[in-house]
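A.B. asks: So I've got this file, target.cif, and it contains mmCIF, C-alpha atoms:
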```cif
data_input
#
loop_
_atom_site.label_atom_id
_atom_site.label_comp_id
_atom_site.auth_asym_id
_atom_site.auth_seq_id
_atom_site.Cartn_x
_atom_site.Cartn_y
_atom_site.Cartn_z
CA MET A 1 12.46 3.47 13.34
CA GLN A 2 9.56 4.52 15.57
CA ALA A 3 5.86 4.36 14.67
CA ALA A 4 5.59 8.13 14.21
CA GLU A 5 8.42 8.12 11.68
CA ILE A 6 6.92 5.19 9.75
CA ARG A 7 3.56 6.97 9.63
CA GLU A 8 5.03 10.27 8.43
CA ARG A 9 7.35 8.69 5.87
CA PHE A 10 4.45 6.75 4.33
CA LEU A 11 2.06 9.70 4.18
CA SER A 12 4.72 12.12 2.93
CA PHE A 13 5.76 9.67 0.21
CA PHE A 14 2.25 9.67 -1.22
CA GLU A 15 1.71 13.39 -0.72
CA GLN A 16 4.79 13.95 -2.89
CA ARG A 17 3.07 11.81 -5.52
CA GLU A 18 -0.09 13.93 -5.68
CA HIS A 19 -2.14 12.16 -3.00
CA ARG A 20 -4.25 14.21 -0.60
CA ARG A 21 -3.69 13.38 3.08
CA MET A 22 -7.04 12.55 4.71
CA PRO A 23 -7.76 12.45 8.46
CA SER A 24 -8.69 9.25 10.24
CA ALA A 25 -12.45 8.72 10.30
CA SER A 26 -14.41 7.66 13.38
CA LEU A 27 -14.17 4.08 14.63
CA VAL A 28 -17.98 4.06 14.48
CA PRO A 29 -19.06 3.90 10.82
CA PRO A 30 -21.71 6.33 9.54
CA SER A 31 -25.32 5.18 9.79
CA HIS A 32 -25.56 4.47 6.06
CA ASP A 33 -22.84 1.78 6.31
CA GLN A 34 -24.32 -1.27 8.02
CA SER A 35 -21.68 -3.71 6.70
CA VAL A 36 -19.56 -3.64 9.89
CA LEU A 37 -19.96 -2.81 13.56
CA LEU A 38 -16.72 -0.82 13.74
CA THR A 39 -14.27 0.57 11.19
CA THR A 40 -11.98 -2.31 10.27
CA ALA A 41 -10.07 -1.02 7.23
CA GLY A 42 -8.65 2.15 5.78
CA MET A 43 -10.85 2.10 2.69
CA GLN A 44 -14.11 1.95 4.61
CA PRO A 45 -14.61 5.72 4.97
CA PHE A 46 -14.07 6.02 1.21
CA LYS A 47 -16.68 3.48 0.09
CA PRO A 48 -19.05 6.21 -1.20
CA TYR A 49 -16.23 7.41 -3.48
CA PHE A 50 -15.50 3.96 -4.87
CA ARG A 51 -19.18 3.35 -5.48
CA GLY A 52 -19.59 6.66 -7.27
CA GLU A 53 -22.12 7.91 -4.72
CA GLU A 54 -20.00 10.94 -3.74
CA GLN A 55 -17.29 12.97 -5.43
CA PRO A 56 -13.87 12.51 -3.78
CA PRO A 57 -11.89 15.64 -2.91
CA GLN A 58 -9.12 14.27 -5.14
CA LYS A 59 -8.57 11.12 -7.20
CA ARG A 60 -5.51 10.16 -5.16
CA LEU A 61 -5.87 9.89 -1.36
CA THR A 62 -3.70 8.68 1.51
CA SER A 63 -4.57 8.19 5.17
CA CYS A 64 -3.69 6.64 8.51
CA GLN A 65 -6.96 5.10 9.67
CA LYS A 66 -7.61 3.90 13.22
CA CYS A 67 -9.08 0.39 13.00
CA PHE A 68 -10.72 -2.06 15.38
CA ARG A 69 -10.22 -5.47 13.83
CA THR A 70 -13.29 -7.54 14.63
CA PRO A 71 -13.09 -10.12 11.75
CA ASP A 72 -9.99 -11.92 13.07
CA ILE A 73 -10.39 -11.15 16.77
CA ASP A 74 -10.11 -14.87 17.62
CA SER A 75 -6.50 -14.77 16.42
CA VAL A 76 -5.49 -11.98 18.81
CA GLY A 77 -3.12 -13.33 21.45
CA THR A 78 -2.35 -16.54 19.56
CA THR A 79 0.24 -14.97 17.24
CA ALA A 80 2.61 -11.99 17.24
CA ARG A 81 0.86 -10.64 14.13
CA HIS A 82 -2.73 -9.90 15.19
CA LEU A 83 -4.05 -6.92 17.16
CA THR A 84 -7.51 -5.66 18.07
CA PHE A 85 -6.67 -1.97 17.52
CA PHE A 86 -4.09 -0.50 15.19
CA GLU A 87 -3.51 2.24 12.62
CA MET A 88 -3.75 1.23 8.96
CA LEU A 89 -1.74 3.23 6.46
CA GLY A 90 -3.19 3.35 2.97
CA ASN A 91 -3.03 4.90 -0.48
CA PHE A 92 -6.16 5.03 -2.62
CA SER A 93 -6.76 5.66 -6.30
CA ILE A 94 -10.29 6.55 -7.38
CA GLY A 95 -10.41 6.47 -11.17
CA ASP A 96 -6.67 7.14 -11.50
CA TYR A 97 -3.83 4.58 -11.43
CA PHE A 98 -4.61 0.90 -10.94
CA LYS A 99 -2.57 -2.27 -10.50
CA ARG A 100 0.63 -1.21 -12.24
CA GLY A 101 0.81 2.10 -10.38
CA ALA A 102 -0.02 0.53 -7.02
CA VAL A 103 2.64 -2.15 -7.48
CA GLU A 104 5.28 0.38 -8.51
CA PHE A 105 4.53 2.60 -5.52
CA ALA A 106 4.61 -0.34 -3.09
CA ARG A 107 7.93 -1.59 -4.40
CA GLU A 108 9.52 1.89 -4.40
CA LEU A 109 8.47 2.80 -0.86
CA SER A 110 9.30 -0.63 0.58
CA VAL A 111 12.77 -0.85 -0.92
CA GLU A 112 13.91 2.73 -1.47
CA GLY A 113 11.81 4.46 1.20
CA PHE A 114 12.06 2.00 4.09
CA GLY A 115 15.23 0.19 3.03
CA LEU A 116 13.83 -3.36 3.05
CA ASP A 117 15.96 -6.00 1.33
CA GLU A 118 14.15 -6.67 -1.95
CA ASP A 119 15.40 -10.26 -2.02
CA ARG A 120 13.52 -10.92 1.23
CA ILE A 121 10.16 -9.61 -0.01
CA TRP A 122 7.61 -12.16 -1.20
CA ILE A 123 4.35 -11.45 -3.00
CA THR A 124 0.97 -13.17 -2.84
CA VAL A 125 -1.77 -12.81 -5.46
CA PHE A 126 -5.31 -14.07 -5.93
CA GLY A 127 -5.17 -17.57 -7.40
CA GLY A 128 -8.75 -17.67 -8.69
CA ASP A 129 -12.06 -19.00 -7.39
CA GLU A 130 -14.66 -21.18 -9.10
CA GLY A 131 -17.49 -19.80 -6.98
CA LEU A 132 -16.73 -16.28 -8.16
CA GLY A 133 -16.09 -17.45 -11.70
CA LEU A 134 -12.65 -15.82 -11.66
CA GLY A 135 -9.24 -17.10 -12.65
CA PRO A 136 -5.85 -16.09 -11.22
CA ASP A 137 -5.02 -12.38 -11.19
CA GLU A 138 -2.66 -12.54 -14.16
CA GLU A 139 -2.53 -8.76 -14.46
CA ALA A 140 -1.12 -8.40 -10.93
CA ILE A 141 1.36 -11.21 -11.58
CA GLU A 142 2.64 -9.46 -14.69
CA CYS A 143 2.96 -6.17 -12.77
CA TRP A 144 5.15 -7.79 -10.13
CA ARG A 145 7.29 -9.45 -12.78
CA ALA A 146 7.70 -6.08 -14.49
CA VAL A 147 9.21 -4.50 -11.36
CA GLY A 148 11.67 -7.35 -10.92
CA PHE A 149 10.09 -10.03 -8.72
CA PRO A 150 10.82 -13.61 -9.84
CA ASP A 151 8.05 -16.18 -10.19
CA GLU A 152 9.40 -18.23 -7.27
CA ARG A 153 8.54 -15.34 -4.91
CA ILE A 154 5.06 -14.71 -6.35
CA VAL A 155 2.65 -17.06 -4.58
CA ARG A 156 -0.92 -17.72 -5.74
CA LEU A 157 -3.38 -18.07 -2.86
CA PRO A 158 -7.13 -18.83 -2.66
CA ARG A 159 -10.05 -16.48 -2.11
CA SER A 160 -9.82 -16.87 1.67
CA GLU A 161 -6.38 -15.27 1.63
CA ASN A 162 -6.30 -12.93 -1.36
CA TYR A 163 -9.78 -11.66 -2.08
CA TRP A 164 -11.03 -8.66 -0.13
CA GLN A 165 -14.57 -7.63 0.77
CA ALA A 166 -15.81 -5.33 3.54
CA GLY A 167 -19.03 -7.26 4.13
CA ALA A 168 -21.54 -9.64 2.54
CA THR A 169 -22.24 -6.98 -0.09
CA GLY A 170 -20.35 -3.97 -1.43
CA PRO A 171 -17.06 -3.26 -3.21
CA SER A 172 -14.67 -6.19 -3.44
CA GLY A 173 -11.77 -7.49 -5.45
CA PRO A 174 -8.54 -9.49 -5.60
CA SER A 175 -5.68 -8.44 -3.38
CA SER A 176 -1.92 -8.71 -3.53
CA GLU A 177 0.08 -8.79 -0.31
CA LEU A 178 3.73 -8.10 0.46
CA TYR A 179 5.52 -10.26 3.02
CA PHE A 180 8.93 -9.86 4.60
CA ASP A 181 10.94 -13.08 5.04
CA ARG A 182 12.30 -13.04 8.61
CA GLY A 183 14.46 -16.10 7.92
CA LEU A 184 14.82 -19.70 9.01
CA ASP A 185 15.08 -18.75 12.68
CA PHE A 186 11.32 -18.17 12.50
CA GLY A 187 10.22 -21.15 10.39
CA GLY A 188 11.10 -23.94 7.99
CA ALA A 189 12.67 -23.96 4.54
CA ASP A 190 9.39 -25.09 2.95
CA ASP A 191 7.28 -22.36 4.55
CA ARG A 192 5.55 -19.92 2.24
CA PRO A 193 3.51 -16.73 2.73
CA GLY A 194 -0.02 -17.66 3.74
CA ASP A 195 1.16 -20.58 5.87
CA ASP A 196 0.57 -20.51 9.62
CA THR A 197 4.15 -19.49 10.38
CA GLU A 198 6.03 -16.63 12.00
CA ARG A 199 8.65 -16.66 9.24
CA PHE A 200 6.72 -14.39 6.85
CA LEU A 201 5.35 -11.07 8.11
CA GLU A 202 2.69 -9.36 5.99
CA PHE A 203 3.35 -5.63 5.81
CA TRP A 204 1.27 -4.35 2.88
CA ASN A 205 -2.00 -5.32 1.23
CA LEU A 206 -2.92 -3.95 -2.19
CA VAL A 207 -6.66 -4.30 -2.80
CA PHE A 208 -7.95 -3.98 -6.36
CA MET A 209 -11.65 -3.21 -6.03
CA GLN A 210 -12.90 -4.36 -9.40
CA TYR A 211 -16.23 -5.90 -8.40
CA GLU A 212 -19.45 -5.28 -6.48
CA LEU A 213 -20.90 -8.19 -4.52
#
```
Can you turn what I pasted into structure tokens?

C.D. replies:
Amino acid sequence: MQAAEIRERFLSFFEQREHRRMPSASLVPPSHDQSVLLTTAGMQPFKPYFRGEEQPPQKRLTSCQKCFRTPDIDSVGTTARHLTFFEMLGNFSIGDYFKRGAVEFARELSVEGFGLDEDRIWITVFGGDEGLGLGPDEEAIECWRAVGFPDERIVRLPRSENYWQAGATGPSGPSSELYFDRGLDFGGADDRPGDDTERFLEFWNLVFMQYEL
């Protein structure tokens, strides 16, 4: 499957589920967003919608955003998983579905849309953080259990791995990531998602923007 087919299958999937396809925004953020030098994530152009500062054209959006990944630029070239520039596919709900809907969509497209082996998909969730005063994301854990993922493939990780924020201030929240297990040819039997290993390849990140920092 080529990149163009992956892009179109993703966007069409969400269009068929009442999402409006949005164009990629500029790599240079608008002047009112001083949180980053360059656009680093698909949600960044939609921050005014999530903050309630502007009215979105629709509550459900999908896009393929061109990104320049400055936060982890030191990792580029040291692994097969990091790039400076790439296109980030995304689906966004602004006052519509939340964790359960996002989890159901991710599972359906991954398994039924792209044909990934469900038994080789692992999940990570936010494991809590004392500094934020937050416990584990039990709601996300229950959502993954509800769509058939066993506890042994749901891994709780710390804030550094499973809590998303675009800058020092602004919208933020716990995340839940999907990883594909490439097998023991790429790592050890004790490896888990979040470890520094080539065995697990992250292919989707669900961000639940519940908080404002």

A.B. asks: When the PyMOL selection byres ((chain A and resi 136-143) around 7) is applied to the structure above, which residues does it catch, written out as a PyMOL selection string?

C.D. replies: chain A and resi 99-100+103+125-128+134-135+144-147

A.B. asks: Skipping near chain neighbours, those fewer than 4 positions away, what residues fall within 12 Å of Pro56 of chain A using only C-alpha atoms, listed as a list in words?

C.D. replies: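 The residues that qualify are His19, Arg20, Met22, Pro45, Phe46, Lys47, Pro48, Tyr49, Phe50, Arg51, Gly52, Arg60, Leu61, Phe92, Ser93, Ile94, Gly95 and Asp96 of chain A.
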
A.B. asks: A:Pro158, A:Gly173, A:Gly183, A:Gly148: which is nearest Leu206 of chain A, counting all atoms listed in the file?

C.D. replies: A:Gly173

A.B. asks: Hey, what's within 12 Å of Asp196 of chain A if we count only C-alpha atoms and toss same-chain stuff fewer than 2 positions away? As a list in words, please?

C.D. replies: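 Listing them by chain and then by number gives Ser75, Thr78, Thr79, Ala80, Arg81, Glu161, Phe186, Gly187, Gly188, Asp190, Asp191, Arg192, Pro193, Gly194, Glu198, Arg199, Phe200, Leu201 and Glu202 of chain A.
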
A.B. asks: Can those selected residues be exported to a file as a CSV table (one decimal), in the coordinates of the input so that it contains C-alpha atoms?

C.D. replies:
```csv
chain,number,residue,atom,x,y,z
A,75,SER,CA,-6.5,-14.8,16.4
A,78,THR,CA,-2.4,-16.5,19.6
A,79,THR,CA,0.2,-15.0,17.2
A,80,ALA,CA,2.6,-12.0,17.2
A,81,ARG,CA,0.9,-10.6,14.1
A,161,GLU,CA,-6.4,-15.3,1.6
A,186,PHE,CA,11.3,-18.2,12.5
A,187,GLY,CA,10.2,-21.2,10.4
A,188,GLY,CA,11.1,-23.9,8.0
A,190,ASP,CA,9.4,-25.1,3.0
A,191,ASP,CA,7.3,-22.4,4.6
A,192,ARG,CA,5.6,-19.9,2.2
A,193,PRO,CA,3.5,-16.7,2.7
A,194,GLY,CA,0.0,-17.7,3.7
A,198,GLU,CA,6.0,-16.6,12.0
A,199,ARG,CA,8.6,-16.7,9.2
A,200,PHE,CA,6.7,-14.4,6.8
A,201,LEU,CA,5.4,-11.1,8.1
A,202,GLU,CA,2.7,-9.4,6.0
```

A.B. asks: What do you get, as a list in words, if you spell out every residue that the PyMOL selection byres ((chain A and resi 71) around 12) selects here?

C.D. replies: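 Taken on the displayed file, the PyMOL selection byres ((chain A and resi 71) around 12) yields the residues Ser35, Val36, Leu37, Leu38, Thr39, Thr40, Ala41, Cys67, Phe68, Arg69, Thr70, Asp72, Ile73, Asp74, Ser75, Val76, His82, Leu83, Thr84, Phe85, Gln165, Ala166 and Gly167 of chain A.
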
A.B. asks: Grab the atom CA of Arg120 of chain A to atom CA of Phe180 of chain A distance for me, in Å with one decimal place.

C.D. replies: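 That distance, rounded to one decimal, is 5.8 Å.
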
A.B. asks: Name the residues that the PyMOL selection byres ((chain A and resi 108) around 12) picks from the file above, as a list in words, using the file's chain letters and numbers.

C.D. replies: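 For this structure, the PyMOL selection byres ((chain A and resi 108) around 12) captures Phe10, Phe13, Phe14, Arg17, Gly101, Ala102, Val103, Glu104, Phe105, Ala106, Arg107, Leu109, Ser110, Val111, Glu112, Gly113, Phe114, Gly115, Leu116, Asp117, Glu118, Val147 and Gly148 of chain A.
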
A.B. asks: With only C-alpha atoms as the basis for distance, which of A:Asn91, A:Lys66, A:Leu157, A:Met209 is at the shortest distance from Leu11 of chain A?

C.D. replies: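 Going through A:Asn91, A:Lys66, A:Leu157, A:Met209 one by one, the smallest distance to Leu11 of chain A is for A:Asn91.
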
A.B. asks: What separation in Å, quoted to one decimal, exists between atom CA of Glu87 of chain A and atom CA of Glu54 of chain A?

C.D. replies: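 According to the coordinates, atom CA of Glu87 of chain A and atom CA of Glu54 of chain A are separated by 24.8 Å.
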
A.B. asks: Could you jot down the atom CA of Tyr179 of chain A to atom CA of Glu8 of chain A separation for me, Å, one decimal place?

C.D. replies: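 Pair atom CA of Tyr179 of chain A / atom CA of Glu8 of chain A returns 21.2 Å.
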
A.B. asks: Counting only C-alpha atoms, which residue out of A:Leu27, A:Lys59, A:Arg182, A:Leu132 sits closest to Phe98 of chain A?

C.D. replies: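 For Phe98 of chain A, the nearest of the candidates is A:Lys59.
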
A.B. asks: Of the candidates A:Trp164, A:Phe149, A:Gln65, A:Asp119, which shows the shortest atom-to-atom distance to Ser26 of chain A, using all atoms listed in the file?

C.D. replies: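 Using all atoms listed in the file, the shortest distance to Ser26 of chain A belongs to A:Gln65.
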
A.B. asks: Which is closer to Val155 of chain A than all the others in A:Glu130, A:Glu212, A:Glu5, A:Asp195, using only C-alpha atoms?

C.D. replies: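 Under the stated criterion, the closest residue is A:Asp195.
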
A.B. asks: Pick the closest to Asp33 of chain A from A:Gly170, A:Cys64, A:Pro57, A:Arg156: which is it, counting only C-alpha atoms?

C.D. replies: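 Among the listed residues, A:Gly170 lies closest to Asp33 of chain A.
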
A.B. asks: Could you add whatever atoms are missing so that segment 96-109 of chain A carries N, CA and C atoms, then write the result as a PDB file, keeping the file's coordinate frame?

C.D. replies:
```
ATOM      1  N   ASP A  96      -7.985   6.676 -11.056  1.00  0.00           N
ATOM      2  CA  ASP A  96      -6.670   7.140 -11.500  1.00  0.00           C
ATOM      3  C   ASP A  96      -5.816   5.914 -11.819  1.00  0.00           C
ATOM      4  N   TYR A  97      -4.678   5.750 -11.155  1.00  0.00           N
ATOM      5  CA  TYR A  97      -3.830   4.580 -11.430  1.00  0.00           C
ATOM      6  C   TYR A  97      -4.497   3.315 -10.889  1.00  0.00           C
ATOM      7  N   PHE A  98      -4.035   2.165 -11.402  1.00  0.00           N
ATOM      8  CA  PHE A  98      -4.610   0.900 -10.940  1.00  0.00           C
ATOM      9  C   PHE A  98      -3.475  -0.050 -10.552  1.00  0.00           C
ATOM     10  N   LYS A  99      -3.488  -1.263 -11.025  1.00  0.00           N
ATOM     11  CA  LYS A  99      -2.570  -2.270 -10.500  1.00  0.00           C
ATOM     12  C   LYS A  99      -1.103  -1.923 -10.736  1.00  0.00           C
ATOM     13  N   ARG A 100      -0.771  -1.504 -11.951  1.00  0.00           N
ATOM     14  CA  ARG A 100       0.630  -1.210 -12.240  1.00  0.00           C
ATOM     15  C   ARG A 100       1.149  -0.088 -11.339  1.00  0.00           C
ATOM     16  N   GLY A 101       0.387   0.991 -11.220  1.00  0.00           N
ATOM     17  CA  GLY A 101       0.810   2.100 -10.380  1.00  0.00           C
ATOM     18  C   GLY A 101       0.929   1.711  -8.920  1.00  0.00           C
ATOM     19  N   ALA A 102      -0.051   0.952  -8.415  1.00  0.00           N
ATOM     20  CA  ALA A 102      -0.020   0.530  -7.020  1.00  0.00           C
ATOM     21  C   ALA A 102       1.181  -0.351  -6.729  1.00  0.00           C
ATOM     22  N   VAL A 103       1.483  -1.258  -7.640  1.00  0.00           N
ATOM     23  CA  VAL A 103       2.640  -2.150  -7.480  1.00  0.00           C
ATOM     24  C   VAL A 103       3.940  -1.356  -7.505  1.00  0.00           C
ATOM     25  N   GLU A 104       4.059  -0.427  -8.418  1.00  0.00           N
ATOM     26  CA  GLU A 104       5.280   0.380  -8.510  1.00  0.00           C
ATOM     27  C   GLU A 104       5.491   1.215  -7.255  1.00  0.00           C
ATOM     28  N   PHE A 105       4.417   1.821  -6.744  1.00  0.00           N
ATOM     29  CA  PHE A 105       4.530   2.600  -5.520  1.00  0.00           C
ATOM     30  C   PHE A 105       4.948   1.724  -4.333  1.00  0.00           C
ATOM     31  N   ALA A 106       4.326   0.549  -4.214  1.00  0.00           N
ATOM     32  CA  ALA A 106       4.610  -0.340  -3.090  1.00  0.00           C
ATOM     33  C   ALA A 106       6.066  -0.806  -3.116  1.00  0.00           C
ATOM     34  N   ARG A 107       6.537  -1.149  -4.288  1.00  0.00           N
ATOM     35  CA  ARG A 107       7.930  -1.590  -4.400  1.00  0.00           C
ATOM     36  C   ARG A 107       8.894  -0.444  -4.079  1.00  0.00           C
ATOM     37  N   GLU A 108       8.625   0.746  -4.609  1.00  0.00           N
ATOM     38  CA  GLU A 108       9.520   1.890  -4.400  1.00  0.00           C
ATOM     39  C   GLU A 108       9.594   2.278  -2.925  1.00  0.00           C
ATOM     40  N   LEU A 109       8.457   2.391  -2.261  1.00  0.00           N
ATOM     41  CA  LEU A 109       8.470   2.800  -0.860  1.00  0.00           C
ATOM     42  C   LEU A 109       9.087   1.724   0.031  1.00  0.00           C
TER      43      LEU A 109
END
```
